[in-house]
>>> print(open('final-v5.txt').read())   # compact mmCIF, C-alpha atoms
# COMPACT_ATOMS: atom_id res chain seq x y z
CA MET A 1 -46.66 -28.33 22.64
CA GLU A 2 -45.68 -27.64 19.07
CA ILE A 3 -43.15 -24.89 18.36
CA SER A 4 -42.70 -23.65 14.82
CA LEU A 5 -39.06 -23.35 13.86
CA LEU A 6 -39.77 -20.94 11.02
CA PRO A 7 -39.33 -18.14 10.37
CA MET A 8 -35.97 -17.84 12.12
CA ALA A 9 -34.87 -14.43 13.39
CA GLY A 10 -31.20 -15.36 13.71
CA ILE A 11 -28.87 -16.45 16.51
CA ASN A 12 -29.29 -15.33 20.12
CA ASN A 13 -26.99 -16.78 22.77
CA VAL A 14 -27.73 -14.03 25.34
CA ALA A 15 -31.47 -14.15 26.14
CA GLU A 16 -33.17 -16.73 28.31
CA ASP A 17 -34.91 -19.66 26.64
CA ALA A 18 -38.35 -18.16 27.11
CA ALA A 19 -37.32 -15.00 25.26
CA LEU A 20 -36.18 -16.84 22.12
CA GLN A 21 -39.70 -17.10 20.74
CA ARG A 22 -41.66 -14.04 19.65
CA GLY A 23 -45.39 -14.32 18.96
CA GLY A 24 -47.93 -11.90 17.60
CA ASP A 25 -48.67 -11.10 13.99
CA ALA A 26 -45.05 -11.72 12.96
CA PRO A 27 -43.85 -14.71 15.01
CA GLN A 28 -40.15 -15.43 15.00
CA LEU A 29 -37.80 -17.86 16.69
CA TYR A 30 -34.20 -17.24 17.65
CA VAL A 31 -31.84 -20.21 17.73
CA ARG A 32 -28.85 -20.76 19.97
CA ASP A 33 -26.58 -21.73 17.09
CA ALA A 34 -26.82 -22.46 13.37
CA VAL A 35 -24.28 -25.01 12.21
CA ASN A 36 -23.65 -25.42 8.49
CA VAL A 37 -26.70 -23.36 7.53
CA ASP A 38 -27.36 -19.76 6.57
CA ILE A 39 -30.50 -17.93 7.70
CA THR A 40 -32.05 -15.95 4.88
CA GLU A 41 -33.72 -12.53 5.15
CA THR A 42 -37.11 -14.25 5.09
CA GLY A 43 -36.20 -16.50 8.04
CA LEU A 44 -35.56 -19.73 6.15
CA ALA A 45 -32.61 -22.01 6.77
CA GLN A 46 -30.48 -22.79 3.74
CA LEU A 47 -27.78 -25.43 3.71
CA ARG A 48 -24.44 -23.65 3.49
CA SER A 49 -22.51 -24.32 0.31
CA GLY A 50 -19.82 -26.90 0.65
CA VAL A 51 -16.12 -26.36 0.07
CA ARG A 52 -13.56 -28.36 -1.82
CA PRO A 53 -9.78 -28.12 -2.18
CA VAL A 54 -8.79 -26.31 -5.37
CA THR A 55 -4.97 -26.27 -5.15
CA THR A 56 -2.09 -27.76 -3.25
CA ALA A 57 -0.11 -24.52 -3.50
CA ALA A 58 0.27 -22.90 -0.07
CA TYR A 59 -1.06 -19.47 -1.02
CA ARG A 60 -1.47 -16.99 1.81
CA ASN A 61 -2.72 -13.42 2.21
CA LEU A 62 -5.11 -13.73 -0.75
CA TRP A 63 -6.77 -10.46 -1.80
CA GLN A 64 -8.89 -9.49 -4.80
CA SER A 65 -8.40 -6.06 -6.33
CA PRO A 66 -11.61 -4.06 -6.83
CA LEU A 67 -10.05 -2.51 -9.96
CA HIS A 68 -10.07 -5.44 -12.38
CA GLY A 69 -10.76 -8.41 -10.14
CA ASP A 70 -7.14 -9.61 -10.15
CA VAL A 71 -6.22 -11.86 -7.23
CA PHE A 72 -2.93 -11.38 -5.37
CA GLY A 73 -1.28 -13.28 -2.56
CA THR A 74 1.98 -14.68 -1.29
CA LEU A 75 3.69 -18.00 -1.84
CA GLY A 76 6.68 -18.39 0.43
CA ASN A 77 8.57 -15.12 0.17
CA GLN A 78 7.11 -14.24 -3.24
CA TRP A 79 4.35 -11.79 -4.06
CA VAL A 80 2.24 -13.48 -6.72
CA ARG A 81 -0.74 -12.82 -8.97
CA VAL A 82 -3.05 -15.83 -8.88
CA ASP A 83 -5.34 -17.10 -11.60
CA PRO A 84 -8.39 -18.33 -9.62
CA THR A 85 -9.63 -20.47 -12.50
CA SER A 86 -6.51 -22.65 -12.79
CA TRP A 87 -4.86 -21.65 -9.47
CA THR A 88 -1.57 -21.06 -11.21
CA HIS A 89 0.41 -17.95 -10.40
CA GLU A 90 2.81 -15.35 -11.73
CA ALA A 91 5.66 -14.28 -9.43
CA LEU A 92 5.90 -10.49 -9.15
CA ALA A 93 8.49 -9.65 -6.48
CA THR A 94 10.32 -11.00 -3.44
CA ILE A 95 8.65 -9.33 -0.47
CA GLY A 96 9.64 -11.65 2.39
CA GLU A 97 7.72 -14.29 4.28
CA GLY A 98 5.25 -13.50 7.06
CA ASP A 99 1.66 -12.73 7.99
CA ASP A 100 1.90 -8.92 8.06
CA VAL A 101 1.11 -8.65 4.34
CA SER A 102 -1.66 -6.33 3.16
CA HIS A 103 -2.78 -4.79 -0.13
CA GLU A 104 -4.28 -1.49 -1.23
CA VAL A 105 -5.22 0.28 -4.45
CA LEU A 106 -3.25 3.46 -5.13
CA ASN A 107 -3.76 5.56 -8.27
CA ASN A 108 -5.02 2.56 -10.29
CA ARG A 109 -2.06 0.47 -9.17
CA VAL A 110 -1.81 -2.23 -6.51
CA VAL A 111 0.51 -1.68 -3.55
CA VAL A 112 1.56 -4.40 -1.15
CA SER A 113 3.22 -4.08 2.24
CA GLY A 114 5.44 -7.01 3.17
CA PRO A 115 8.40 -7.80 5.43
CA ALA A 116 10.81 -6.55 2.74
CA GLY A 117 9.04 -3.21 2.22
CA LEU A 118 6.42 -1.59 -0.01
CA PHE A 119 6.03 -2.72 -3.62
CA VAL A 120 3.79 -1.48 -6.43
CA PHE A 121 2.38 -3.34 -9.45
CA ASP A 122 1.27 -1.34 -12.50
CA GLY A 123 -0.33 -4.20 -14.42
CA SER A 124 2.82 -5.36 -16.17
CA SER A 125 5.66 -5.36 -13.62
CA ALA A 126 6.30 -4.83 -9.93
CA GLN A 127 8.97 -2.70 -8.30
CA ARG A 128 9.75 -1.22 -4.94
CA LEU A 129 7.66 1.84 -4.09
CA THR A 130 10.31 3.42 -1.88
CA PHE A 131 13.95 4.29 -2.50
CA ASP A 132 16.96 3.18 -0.52
CA SER A 133 18.50 6.16 1.24
CA ALA A 134 21.36 7.63 -0.79
CA ALA A 135 24.72 8.05 0.89
CA PRO A 136 26.03 11.63 0.96
CA PRO A 137 28.24 12.50 -2.02
CA MET A 138 32.01 12.73 -1.72
CA VAL A 139 33.06 16.33 -2.33
CA ALA A 140 36.62 17.64 -2.82
CA ALA A 141 37.81 21.25 -3.09
CA LEU A 142 40.30 21.78 -5.92
CA GLY A 143 41.95 24.76 -7.57
CA GLY A 144 41.47 26.06 -11.08
CA GLY A 145 37.86 27.20 -10.84
CA SER A 146 35.93 30.41 -10.38
CA LEU A 147 34.19 29.83 -7.07
CA ALA A 148 34.43 32.48 -4.40
CA ALA A 149 36.14 31.38 -1.21
CA GLY A 150 33.81 29.92 1.42
CA THR A 151 31.98 26.81 2.58
CA TYR A 152 29.77 24.89 0.13
CA GLY A 153 27.46 21.93 0.71
CA ALA A 154 26.28 19.16 -1.59
CA ALA A 155 23.59 16.47 -1.34
CA VAL A 156 21.86 14.11 -3.76
CA ALA A 157 18.53 12.39 -4.35
CA TRP A 158 17.68 9.39 -6.53
CA LEU A 159 15.28 9.73 -9.46
CA ARG A 160 12.88 7.18 -10.92
CA GLY A 161 11.26 8.94 -13.83
CA ASP A 162 9.49 11.93 -12.29
CA LEU A 163 9.66 10.47 -8.79
CA GLU A 164 12.31 11.82 -6.42
CA SER A 165 13.66 10.15 -3.30
CA GLN A 166 14.40 11.61 0.08
CA THR A 167 17.46 13.89 0.10
CA SER A 168 20.74 12.50 1.38
CA GLU A 169 22.74 14.02 4.19
CA ALA A 170 24.81 16.98 3.02
CA THR A 171 28.59 17.07 2.68
CA PHE A 172 30.28 20.42 3.37
CA VAL A 173 33.73 21.48 2.21
CA GLU A 174 35.84 24.64 2.44
CA VAL A 175 36.84 26.10 -0.92
CA GLY A 176 39.68 28.56 -1.45
CA GLU A 177 39.60 31.55 -3.78
CA SER A 178 39.20 30.59 -7.45
CA GLY A 179 38.49 26.97 -6.53
CA LEU A 180 36.11 24.31 -7.80
CA LEU A 181 34.07 21.43 -6.41
CA ARG A 182 34.52 17.83 -7.53
CA VAL A 183 31.41 15.83 -6.64
CA ALA A 184 31.50 12.02 -6.69
CA PHE A 185 28.02 10.46 -6.61
CA PRO A 186 27.24 7.48 -4.37
CA LEU A 187 26.96 4.04 -5.96
CA CYS A 188 23.36 3.09 -6.73
CA MET A 189 22.42 -0.60 -6.57
CA ASP A 190 18.72 -0.15 -7.40
CA PRO A 191 18.14 -0.95 -11.11
CA SER A 192 14.87 1.02 -11.10
CA VAL A 193 16.72 4.30 -10.41
CA THR A 194 17.14 6.29 -13.61
CA GLY A 195 19.12 9.29 -12.40
CA VAL A 196 20.58 11.33 -9.57
CA ARG A 197 19.74 14.94 -8.66
CA LEU A 198 22.48 17.18 -7.28
CA TYR A 199 21.74 19.87 -4.72
CA LEU A 200 24.24 22.58 -3.76
CA THR A 201 24.33 25.47 -1.33
CA ARG A 202 25.46 28.96 -2.14
CA GLN A 203 28.66 30.34 -0.66
CA ASP A 204 28.46 29.99 3.14
CA GLY A 205 24.76 29.16 2.79
CA GLY A 206 22.74 26.40 4.46
CA GLU A 207 19.85 25.89 2.04
CA LEU A 208 20.29 23.19 -0.58
CA ALA A 209 18.94 24.02 -4.03
CA ARG A 210 18.73 22.04 -7.25
CA ALA A 211 21.91 22.23 -9.33
CA GLY A 212 21.35 19.57 -12.01
CA ASP A 213 20.32 16.02 -12.93
CA TYR A 214 22.70 13.27 -14.03
CA PRO A 215 22.44 9.60 -15.05
CA ALA A 216 22.56 6.99 -12.31
CA ASN A 217 26.16 6.03 -11.41
CA ALA A 218 27.50 8.97 -13.42
CA ALA A 219 31.20 9.83 -13.25
CA PRO A 220 32.29 12.59 -10.83
CA VAL A 221 31.42 16.09 -11.98
CA ASP A 222 33.40 19.30 -11.57
CA VAL A 223 31.66 22.51 -10.56
CA PRO A 224 34.05 25.36 -11.43
CA LEU A 225 31.31 27.99 -11.16
CA LEU A 226 28.13 27.85 -9.18
CA PRO A 227 25.25 27.30 -11.65
CA GLU A 228 21.92 29.05 -11.44
CA LEU A 229 20.26 27.10 -8.66
CA GLY A 230 16.66 25.95 -8.85
CA ARG A 231 14.08 25.13 -6.20
CA PRO A 232 15.14 24.12 -2.68
CA ALA A 233 15.32 20.43 -1.75
CA GLN A 234 11.77 19.38 -0.80
CA PHE A 235 12.50 16.11 0.94
CA ARG A 236 15.24 16.88 3.45
CA HIS A 237 15.02 15.06 6.78
CA LEU A 238 12.56 12.49 5.36
CA SER A 239 12.88 8.69 5.24
CA PRO A 240 11.46 5.87 3.13
CA MET A 241 7.86 5.07 4.08
CA PRO A 242 8.06 1.99 6.33
CA ALA A 243 6.09 -1.17 5.62
CA GLY A 244 3.79 -2.60 8.24
CA ALA A 245 0.44 -4.23 8.90
CA PHE A 246 -2.96 -2.95 7.71
CA LEU A 247 -1.80 -0.97 4.68
CA ARG A 248 -4.51 1.60 3.89
CA TYR A 249 -4.98 4.71 1.73
CA TRP A 250 -6.54 7.80 3.29
CA ARG A 251 -6.78 11.37 2.00
CA GLY A 252 -3.64 11.31 -0.14
CA ARG A 253 -1.53 9.29 2.33
CA LEU A 254 -0.59 5.69 2.95
CA LEU A 255 -1.04 4.29 6.46
CA THR A 256 0.81 1.38 8.07
CA VAL A 257 1.03 -0.06 11.59
CA ARG A 258 3.78 -1.55 13.73
CA LEU A 259 2.64 -2.82 17.14
CA ASN A 260 0.94 0.22 18.76
CA VAL A 261 2.27 2.87 16.35
CA LEU A 262 0.31 4.25 13.39
CA ARG A 263 2.50 5.83 10.68
CA TRP A 264 1.56 7.83 7.60
CA SER A 265 3.31 8.96 4.46
CA GLU A 266 3.72 12.50 3.26
CA ALA A 267 0.68 13.93 1.47
CA MET A 268 0.86 12.75 -2.17
CA GLY A 269 4.41 11.54 -1.45
CA TYR A 270 3.52 7.93 -0.73
CA HIS A 271 7.14 6.76 -0.67
CA LEU A 272 8.22 9.31 1.95
CA HIS A 273 7.81 9.43 5.74
CA ASP A 274 8.65 11.98 8.41
CA GLU A 275 10.11 10.02 11.32
CA ARG A 276 9.85 13.07 13.58
CA HIS A 277 6.17 13.88 13.15
CA GLY A 278 4.52 11.27 10.90
CA PHE A 279 3.29 8.86 13.56
CA LEU A 280 0.88 8.42 16.46
CA GLN A 281 1.44 6.09 19.38
CA MET A 282 -1.67 4.37 20.73
CA PRO A 283 -1.98 3.07 24.31
CA GLN A 284 -2.48 -0.55 23.19
CA ARG A 285 -1.45 -2.81 20.35
CA ILE A 286 -3.35 -1.90 17.17
CA THR A 287 -5.51 -4.77 15.90
CA PHE A 288 -6.99 -3.10 12.78
CA ILE A 289 -7.33 0.27 11.06
CA GLU A 290 -10.07 1.38 8.69
CA PRO A 291 -10.08 4.96 7.35
CA VAL A 292 -13.42 6.60 6.59
CA GLU A 293 -14.27 10.08 5.39
CA GLY A 294 -14.25 11.70 8.84
CA GLY A 295 -11.23 9.95 10.34
CA ILE A 296 -9.68 6.57 11.10
CA TRP A 297 -11.15 3.69 13.12
CA ILE A 298 -8.45 1.93 15.17
CA GLY A 299 -8.85 -1.40 16.90
CA GLN A 300 -7.26 -1.82 20.32
CA VAL A 301 -6.93 -4.92 22.47
CA ASP A 302 -10.09 -4.30 24.52
CA HIS A 303 -11.86 -1.39 22.76
CA VAL A 304 -11.80 0.77 19.64
CA ALA A 305 -10.77 4.38 19.07
CA PHE A 306 -11.68 6.95 16.44
CA LEU A 307 -9.13 9.47 15.16
CA GLU A 308 -11.33 12.33 14.05
CA GLY A 309 -10.00 14.87 11.57
CA ALA A 310 -9.20 15.58 7.94
CA ALA A 311 -5.41 15.61 8.36
CA PRO A 312 -2.94 14.20 10.91
CA GLU A 313 -2.15 17.60 12.41
CA GLY A 314 -5.83 17.95 13.35
CA PHE A 315 -6.40 14.49 14.82
CA SER A 316 -8.61 14.24 17.90
CA ALA A 317 -8.63 10.76 19.46
CA ARG A 318 -11.82 9.40 21.04
CA ARG A 319 -12.03 6.15 22.96
CA LEU A 320 -15.33 4.34 22.41
CA ALA A 321 -16.86 1.76 24.71
CA SER A 322 -16.93 -1.10 22.26
CA ARG A 323 -16.31 -4.72 23.13
CA ALA A 324 -12.96 -6.24 22.21
CA PRO A 325 -12.62 -6.48 18.41
CA VAL A 326 -11.35 -9.60 16.68
CA PRO A 327 -7.92 -8.65 15.28
CA ARG A 328 -7.71 -8.21 11.47
CA SER A 329 -11.47 -8.75 11.01
CA SER A 330 -12.28 -5.28 9.64
CA ILE A 331 -13.38 -4.26 6.15
CA ARG A 332 -14.93 -1.16 4.56
CA LEU A 333 -18.40 -1.46 3.09
CA PRO A 334 -19.94 0.69 0.34
CA ALA A 335 -23.02 2.74 1.12
CA GLU A 336 -25.42 0.42 -0.73
CA ALA A 337 -24.50 -2.47 1.55
CA VAL A 338 -25.42 -0.76 4.85
CA GLY A 339 -28.37 1.53 4.13
CA ALA A 340 -28.99 4.42 6.52
CA ALA A 341 -25.73 3.86 8.41
CA ALA A 342 -23.88 5.12 5.34
CA GLU A 343 -24.77 8.72 6.31
CA GLY A 344 -25.37 10.15 2.89
CA GLY A 345 -23.61 7.55 0.76
CA ARG A 346 -20.30 7.37 2.63
CA GLU A 347 -18.29 4.19 3.28
CA VAL A 348 -18.63 2.46 6.65
CA ALA A 349 -16.06 0.43 8.59
CA VAL A 350 -17.19 -2.97 9.89
CA TRP A 351 -15.46 -5.39 12.25
CA LEU A 352 -16.32 -8.44 14.33
CA ALA A 353 -16.32 -7.95 18.09
CA GLU A 354 -17.12 -10.05 21.14
CA ASN A 355 -20.82 -9.12 20.74
CA GLY A 356 -21.16 -9.45 16.97
CA TYR A 357 -20.61 -7.11 14.05
CA VAL A 358 -19.99 -3.43 14.72
CA LEU A 359 -20.39 -0.54 12.25
CA GLY A 360 -18.15 2.52 12.44
CA THR A 361 -19.68 5.36 10.46
CA ALA A 362 -17.88 8.13 8.58
CA SER A 363 -18.69 10.63 11.35
CA GLY A 364 -17.37 8.46 14.18
CA THR A 365 -20.63 6.89 15.38
CA LEU A 366 -20.54 3.33 16.71
CA ILE A 367 -23.42 0.95 15.89
CA GLU A 368 -23.37 -2.45 17.60
CA VAL A 369 -25.69 -4.33 15.26
CA GLN A 370 -26.03 -7.54 17.29
CA ALA A 371 -25.53 -6.27 20.84
CA GLY A 372 -27.97 -8.03 23.14
CA THR A 373 -28.22 -11.13 20.95
CA LEU A 374 -24.63 -12.34 20.65
CA LYS A 375 -21.74 -12.66 23.09
CA GLY A 376 -18.53 -14.60 23.56
CA LEU A 377 -17.13 -14.25 20.01
CA THR A 378 -13.38 -14.31 20.47
CA SER A 379 -10.51 -15.34 18.24
CA LEU A 380 -6.83 -14.68 17.67
CA TYR A 381 -7.63 -13.12 14.31
CA GLY A 382 -10.26 -13.03 11.59
CA SER A 383 -10.66 -12.21 7.91
CA SER A 384 -13.87 -10.71 6.52
CA VAL A 385 -15.34 -10.45 3.03
CA LEU A 386 -18.58 -9.10 1.60
CA ALA A 387 -20.42 -11.75 -0.42
CA GLY A 388 -23.52 -10.26 -1.96
CA ARG A 389 -25.21 -8.56 1.00
CA ARG A 390 -23.73 -10.95 3.57
CA ILE A 391 -20.54 -10.41 5.56
CA ILE A 392 -18.58 -13.60 6.12
CA THR A 393 -15.73 -13.72 8.64
CA ALA A 394 -13.36 -16.66 8.90
CA VAL A 395 -11.77 -16.85 12.36
CA SER A 396 -8.89 -18.89 13.72
CA SER A 397 -9.82 -21.90 15.80
>>> encode(input="final-v5.txt", output="structure tokens")
Amino acid sequence: MEISLLPMAGINNVAEDAALQRGGDAPQLYVRDAVNVDITETGLAQLRSGVRPVTTAAYRNLWQSPLHGDVFGTLGNQWVRVDPTSWTHEALATIGEGDDVSHEVLNNRVVVSGPAGLFVFDGSSAQRLTFDSAAPPMVAALGGGSLAAGTYGAAVAWLRGDLESQTSEATFVEVGESGLLRVAFPLCMDPSVTGVRLYLTRQDGGELARAGDYPANAAPVDVPLLPELGRPAQFRHLSPMPAGAFLRYWRGRLLTVRLNVLRWSEAMGYHLHDERHGFLQMPQRITFIEPVEGGIWIGQVDHVAFLEGAAPEGFSARRLASRAPVPRSSIRLPAEAVGAAAEGGREVAVWLAENGYVLGTASGTLIEVQAGTLKGLTSLYGSSVLAGRRIITAVSS
């Protein structure tokens, strides 16, 4: 009996042998495995392109920016920009050594999350995205001023151009009649900081308001009379945005992950984080996150979840009966790459699971593309890319 091998319909390691061949007007044949070949859309087998070593440098965490096509990665503890034609590199910053390194585009700049924190590259230089927390200022009550007797408080925040850090803890001091305040600013060791902002309270008041800006590491200042105070301190009780795995941008916020905890930055304040409310604890270790228009897809050890909502305060978590996803295998695909699943031109999340590729739509719908034809795909982790109209996932052996 002769069996035509072409056209091939793809791989099927689930059905019985008799079900691998389909007859009729459009005969097709499924194969159990396809080693070193790609199956085209017309059912032909093409020899997969070979690979060759291009560099001896131990680059890791390679990522290509969709902005200008620049390639970034790590080499040891350095964040580097790589020239893929010569495989030379330019060192950008020391971000620490490890596998939890991820990149994202933010306001036409590239942000990286590494063991040493969050860093941003503007095309010419890299610097830390966050600020170190400022120590509270030292405040002394002296005579010879015009302050009314009472308790006054002072706090500071670092400045980097127009960017302001989280506010320090406040220092309070009792001032006698006709006294003054002498404020000594904390020492700043960050060379990117350009200034320090002073906040003061009114007499026996608790609200800190802007009192003035000074150069970084300025000499102590005397306040003999309370100046006209400006706006209240916006960033009290906030912390630097923590680094973590799976750095993503979503609706004006940065997202990172540590173990089973998803954290997010303040809206439009990417360097700031609310440790009291800016997180969500999942029941299992998080294996990927992919934000879409209607929420955030979250990989768990044996299933996936969808956080539905337009803002964290409105999140509604749904557990979906998906097979176990391969950790780190997710990517977002543009509408033109997925057709009708894009739901009106919106991006779609895609990841590799035990039963093949799975689409997560912008509205929270799960589409198991290869369910019923594939099974048993497991790995410690994977990394996916879109090459033309084909998704390629490299998995650990």
>>> residues_around(input="final-v5.txt", residues="segment 147-153 of chain A", least_positions_apart="4", cutoff="9 Å", atoms="only C-alpha atoms", output="list in words")
Val139, Ala170, Thr171, Phe172, Val173, Glu174, Val175, Gly176, Glu177, Ser178, Gly179, Leu180, Leu181, Tyr199, Leu200, Thr201, Arg202, Gln203, Asp204, Gly205, Gly206, Glu207, Leu208, Val223, Pro224, Leu225 and Leu226 of chain A
>>> residues_around(input="final-v5.txt", residues="Trp250 of chain A", least_positions_apart="5", cutoff="8 Å", atoms="only C-alpha atoms", output="JSON, numbers by chain")
{"A": [255, 291, 292]}
>>> write_last_selection(input="final-v5.txt", atoms="C-alpha atoms", output="PDB file, keeping the file's coordinate frame")
ATOM      1  CA  LEU A 255      -1.040   4.290   6.460  1.00  0.00           C
ATOM      2  CA  PRO A 291     -10.080   4.960   7.350  1.00  0.00           C
ATOM      3  CA  VAL A 292     -13.420   6.600   6.590  1.00  0.00           C
TER       4      VAL A 292
END
>>> closest_residue(input="final-v5.txt", among="A:Ala19, A:Val156, A:Leu129, A:Leu44", to="Pro242 of chain A", atoms="all atoms listed in the file")
A:Leu129
>>> closest_residue(input="final-v5.txt", among="A:Phe288, A:Tyr270, A:Phe131, A:Phe121", to="Arg328 of chain A", atoms="all atoms listed in the file")
A:Phe288
>>> closest_residue(input="final-v5.txt", among="A:Gly145, A:Leu6, A:Asn36, A:Thr361", to="Arg22 of chain A", atoms="all atoms listed in the file")
A:Leu6
>>> atom_distance(input="final-v5.txt", atom1="atom CA of Thr373 of chain A", atom2="atom CA of Arg318 of chain A")
26.3 Å
>>> atom_distance(input="final-v5.txt", atom1="atom CA of Glu368 of chain A", atom2="atom CA of Ala340 of chain A")
14.2 Å
>>> residues_around(input="final-v5.txt", residues="segment 183-198 of chain A", least_positions_apart="4", cutoff="9 Å", atoms="all atoms listed in the file", output="PyMOL selection string")
chain A and resi 127-128+131-132+134-140+154-161+164+209-223
>>> atom_distance(input="final-v5.txt", atom1="atom CA of Leu374 of chain A", atom2="atom CA of Leu320 of chain A")
19.2 Å
>>> closest_residue(input="final-v5.txt", among="A:Val111, A:Gly388, A:Val301, A:Trp79", to="Ala337 of chain A", atoms="all atoms listed in the file")
A:Gly388
>>> residues_around(input="final-v5.txt", residues="Gly376 of chain A", least_positions_apart="3", cutoff="9 Å", atoms="only C-alpha atoms", output="ChimeraX atom specification")
/A:13,353-356
>>> axis_aligned_box(input="final-v5.txt", around="segment 221-235 of chain A", padding_each_side="4 Å", output="lines of an AutoDock Vina configuration file")
center_x = 22.9
center_y = 22.6
center_z = -5.5
size_x = 30.3
size_y = 21.0
size_z = 20.9
>>> residues_around(input="final-v5.txt", residues="Ser239 of chain A", least_positions_apart="5", cutoff="12 Å", atoms="only C-alpha atoms", output="tab-separated table (two decimals) with C-alpha atoms, in the frame of the given file")
chain	number	residue	atom	x	y	z
A	130	THR	CA	10.31	3.42	-1.88
A	131	PHE	CA	13.95	4.29	-2.50
A	132	ASP	CA	16.96	3.18	-0.52
A	133	SER	CA	18.50	6.16	1.24
A	134	ALA	CA	21.36	7.63	-0.79
A	157	ALA	CA	18.53	12.39	-4.35
A	165	SER	CA	13.66	10.15	-3.30
A	166	GLN	CA	14.40	11.61	0.08
A	167	THR	CA	17.46	13.89	0.10
A	168	SER	CA	20.74	12.50	1.38
A	169	GLU	CA	22.74	14.02	4.19
A	264	TRP	CA	1.56	7.83	7.60
A	265	SER	CA	3.31	8.96	4.46
A	266	GLU	CA	3.72	12.50	3.26
A	269	GLY	CA	4.41	11.54	-1.45
A	270	TYR	CA	3.52	7.93	-0.73
A	271	HIS	CA	7.14	6.76	-0.67
A	272	LEU	CA	8.22	9.31	1.95
A	273	HIS	CA	7.81	9.43	5.74
A	274	ASP	CA	8.65	11.98	8.41
A	275	GLU	CA	10.11	10.02	11.32
A	276	ARG	CA	9.85	13.07	13.58
A	277	HIS	CA	6.17	13.88	13.15
A	278	GLY	CA	4.52	11.27	10.90
>>> closest_residue(input="final-v5.txt", among="A:Leu380, A:Ile391, A:Ala371, A:Leu229", to="Val350 of chain A", atoms="all atoms listed in the file")
A:Ile391
